[in-house]
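A.B. asks: Below you will find the structure I want to go over with you.
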Amino acid sequence: MYRDPDLAPVFRGRGFLSYERRSEVRVLAASVTPRARGTEDVLPGEVLRWRRLEGIARELAGRYGFGEIRTPSFEYTELIHRVGESTDVVQKETYDFIDRGGRSLTLRPEGTAPVVRACLQGGLFGGSLPIKVFYVTLSAFRYERPEAGRLRQHHQFGCECFGSPGPATDAELILLMADFFAAAGIRSVVPHLNTIGCPECRPRYREALQAYYRDRLPTLCADCRRRFDQNPLRLLDCKVDREAALGAPHAVDHVCAACAEHFQTLRALLAAAGLSYELDHQLVRGFDYYTRTVFEFVHAGIGAQASLGGGGRYDGLVESLGGTAVPAAGFGLGMERLLVALAQEGLEAQPTTGCDIFVAGDDAAAVFALCSEARRAGLGAEFDPLGRSLKAQFRHADRLGARHVVILQGPEQPAVLRDMRTREQRDTPASDVVAVVQAAIAGR
Ligand SMILES: [Zn+2]
Ligand SMILES: [Zn+2]
């Protein structure tokens with residue numbers, strides 16, 4: 001029977017069934033509160049896509065020498081607001097709230113400031129440096145207009161390295177991120193690279209930018225006019241005023257000798273590692289704390305939201321959060337946006353449920369016994385708990401994407417074992433089924 005995947009059965013009152021387009025389904029029962037705007041559920045069928053990416057992230061971060069860190073979802077408001085006084089995310093988009101004890105708290109809008117806080121509090125910077133940490137599936141919260149791949153709660157994979165001032169660390173982070181996208185299966189992504197100088201030389205660059213933009217100010221958008229005094233670098237990545245940004249002075253021409261040398265060496269290291277990238281003079285990052293290196297991975301297929309994530313160096317951040325001066329660099333990327341990009345590239349392999357064997361048959365006790373034996377032996381095993389007809393059991397096995405199906409035919413007869421991928425079928429004594437499937441799984 002043909003079934004439109006967009007049609008979902010909907011129960012309306014007493015046993016009355018109708019179909020409705022999934023894309024149009026609203027919450028039908030008045031008693032069900034929908035999930036909060038800008039959030040997403042990850043249902044069992046989708047969670048495997050997440051676990052694949054998480055597995056790649058953990059494996060790669062480990063290979064590059066990063067250890068996992070986990071921090072709370074909320075911090076004192078002061079910590080979050082201290083790092084980005086002129087940053088839009090912090091000014092307008094954080095979830096701030098007062099708890100029942102009268103404390104002002106903020107849901108973390110990103111991972112870096114909480115990680116710095118945790119490392120300071122845990123005394124990590126007092127030991128041997130560098131400290132290399134990563135987080136994966138870190139929930140981050142921003143109150144903004146939800147759109148594709150941009151949510152009020154999203155999840156990040158990120159790496160941070162503390163205590164290493166040199167460009168080799170910047171290069172290492174960029175390579176790790178490139179390796180991650182490659183392993184995830186993203187093809188059309190290009191690293192963009194820029195330098196935005198240091199506290200020594202950035203004032204000069206800000207002046208050069210203001211001199212360039214001053215006459216153009218009346219033609220710029222309201223955001224740019226507001227940012228002109230406080231944060232003129234952000235005028236460069238305005239989505240509205242792209243044209244104006246193209247003629248703006250380049251940071252690389254205005255930075256001090258030390259910053260220029262850092263950038264040169266970074267570029268040489270990336271070239272030595274065979275990574276191609278694009279110099280992007282309009283690239284700045286949303287947070288104020290970046291120094292010298294900034295980078296972003298830009299995806300061709302994702303439309304207006306072209307960035308799949310990025311990072312850079314932030315040598316002043318640890319000190320600004322109350323620590324000693326510890327140089328730092330890192331990156332973060334949004335998992336949801338990566339999933340959107342993967343879907344756009346159409347590369348995603350159909351996730352399997354992990355059902356190695358489905359046990360079918362009329363004898364419920366025998367089915368249950370073999371299924372249990374298979375699970376204890378380490379196989380993913382399923383059966384039909386509803387005791388339906390054999391035909392219905394096969395359909396259930398199909399839905400589960402079972403790798404093998406075994407049909408138990410009674411105590412005197414051999415079981416029929418079918419490999420669902422090759423469609424090969426053979427008689428096997430029920431007592432051998434688990435061993436045969438184990439061998440087949442090991443050999444695939
Ligand atoms: Zn400088
Ligand atoms: Zn603008």
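Chain labels A, B, ... are given in the sequence in which chains occur in the structure tokens; within each chain residues are numbered consecutively from 1, and ligands are likewise numbered from 1 in the order shown.
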Find the residues of chain A that sit at most 6 Å from ligand 1; for each, write down the nearest two atoms and how far apart they are in Å, to one decimal. Count only C-alpha atoms and all ligand atoms. Sort by chain, then by number going up, and give it as a Markdown table.
C.D. replies:
| residue | atom | partner | partner_atom_place_in_ligand_line | distance |
| --- | --- | --- | --- | --- |
| A:Gly197 | CA | ligand 1 | 1 (Zn) | 4.5 |
| A:Cys198 | CA | ligand 1 | 1 (Zn) | 4.0 |
| A:Glu200 | CA | ligand 1 | 1 (Zn) | 5.1 |
| A:Cys201 | CA | ligand 1 | 1 (Zn) | 4.4 |
| A:Val255 | CA | ligand 1 | 1 (Zn) | 5.1 |
| A:Cys256 | CA | ligand 1 | 1 (Zn) | 4.2 |
| A:Ala258 | CA | ligand 1 | 1 (Zn) | 5.9 |
| A:Cys259 | CA | ligand 1 | 1 (Zn) | 4.4 |
A.B. asks: Take the residues from that selection and put them in a file with C-alpha atoms, as an mmCIF file, in the first residue's frame.
C.D. replies:
data_model
loop_
_atom_site.group_PDB
_atom_site.id
_atom_site.type_symbol
_atom_site.label_atom_id
_atom_site.label_comp_id
_atom_site.auth_asym_id
_atom_site.auth_seq_id
_atom_site.Cartn_x
_atom_site.Cartn_y
_atom_site.Cartn_z
ATOM 1 C CA GLY A 197 44.678 42.695 15.896
ATOM 2 C CA CYS A 198 45.294 43.088 19.612
ATOM 3 C CA GLU A 200 47.705 47.525 21.171
ATOM 4 C CA CYS A 201 46.880 47.956 17.532
ATOM 5 C CA VAL A 255 47.882 45.595 12.860
ATOM 6 C CA CYS A 256 51.148 45.843 14.807
ATOM 7 C CA ALA A 258 53.680 41.174 16.438
ATOM 8 C CA CYS A 259 50.113 40.582 15.208
#
A.B. asks: Mind dumping a table of every chain A residue within 6 Å of ligand 2, with the nearest atom pair and its distance in Å to one decimal, using only C-alpha atoms and all ligand atoms, sorted by chain and rising number, as JSON lines?
C.D. replies:
{"residue": "A:Leu220", "atom": "CA", "partner": "ligand 2", "partner_atom_place_in_ligand_line": "1 (Zn)", "distance": 5.3}
{"residue": "A:Cys221", "atom": "CA", "partner": "ligand 2", "partner_atom_place_in_ligand_line": "1 (Zn)", "distance": 4.2}
{"residue": "A:Asp223", "atom": "CA", "partner": "ligand 2", "partner_atom_place_in_ligand_line": "1 (Zn)", "distance": 5.5}
{"residue": "A:Cys224", "atom": "CA", "partner": "ligand 2", "partner_atom_place_in_ligand_line": "1 (Zn)", "distance": 4.2}
{"residue": "A:Cys238", "atom": "CA", "partner": "ligand 2", "partner_atom_place_in_ligand_line": "1 (Zn)", "distance": 4.6}
{"residue": "A:Val240", "atom": "CA", "partner": "ligand 2", "partner_atom_place_in_ligand_line": "1 (Zn)", "distance": 5.0}
{"residue": "A:Asp241", "atom": "CA", "partner": "ligand 2", "partner_atom_place_in_ligand_line": "1 (Zn)", "distance": 4.6}
A.B. asks: With C-alpha atoms retained, export the selected residues as a PDB file, in the first residue's frame.
C.D. replies:
ATOM      1  CA  LEU A 220      23.822  52.585   6.821  1.00  0.00           C
ATOM      2  CA  CYS A 221      21.254  50.541   8.727  1.00  0.00           C
ATOM      3  CA  ASP A 223      22.309  48.589  13.776  1.00  0.00           C
ATOM      4  CA  CYS A 224      25.425  49.918  12.092  1.00  0.00           C
ATOM      5  CA  CYS A 238      26.511  43.602   8.612  1.00  0.00           C
ATOM      6  CA  VAL A 240      22.531  44.726   5.054  1.00  0.00           C
ATOM      7  CA  ASP A 241      25.545  46.902   4.332  1.00  0.00           C
TER       8      ASP A 241
END
A.B. asks: Residues within 6 Å of stretch 36-47 of chain A, please, as a list in words. Count only C-alpha atoms; anything in the same chain fewer than 6 positions from it doesn't count.
C.D. replies: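 Near neighbours after the sequence-gap exclusion: Pro146, Leu151, Arg152 and Gln153 of chain A.
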A.B. asks: I want to know what sits within 12 Å of stretch 260-265 of chain A, based on only C-alpha atoms, with residues of the same chain fewer than 2 positions away left out; could you give that as an MDAnalysis selection string?
C.D. replies: chainID A and resid 165:171 193:198 201 251:258 267:272 279 291:295 312:313
A.B. asks: Kindly assemble as a tab-separated table a list of the stretch 254-342 of chain A residues that lie within 9 Å of stretch 109-132 of chain A, each paired with its nearest atom pair and their distance in Å to one decimal, using only C-alpha atoms, sorted first by chain and then by ascending residue number.
C.D. replies:
residue	atom	partner	partner_atom	distance
A:Leu317	CA	A:Ala113	CA	8.0
A:Val318	CA	A:Val116	CA	6.4
A:Leu321	CA	A:Arg117	CA	7.2
A:Gly322	CA	A:Leu120	CA	8.5
A:Gly323	CA	A:Leu120	CA	6.6
A:Thr324	CA	A:Phe125	CA	8.7
A:Val326	CA	A:Phe125	CA	7.8
A:Gly330	CA	A:Thr112	CA	8.1
A:Phe331	CA	A:Thr112	CA	8.7
A:Gly332	CA	A:Gly111	CA	7.8
A.B. asks: Just the helix (DSSP H, G or I) stuff from stretch 85-300 of chain A, please, per backbone DSSP, written as a count of residues only.
C.D. replies: 92
A.B. asks: Enumerate, as a count of residues only, the complete set of residues in stretch 65-227 of chain A that a backbone-based DSSP assignment places in strand (DSSP E or B).
C.D. replies: 42
A.B. asks: Just give me the gap between atom CA of A:Tyr205 and atom CA of A:Leu233 in Å, one decimal is fine.
C.D. replies: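 Pair atom CA of A:Tyr205 / atom CA of A:Leu233 returns 8.8 Å.
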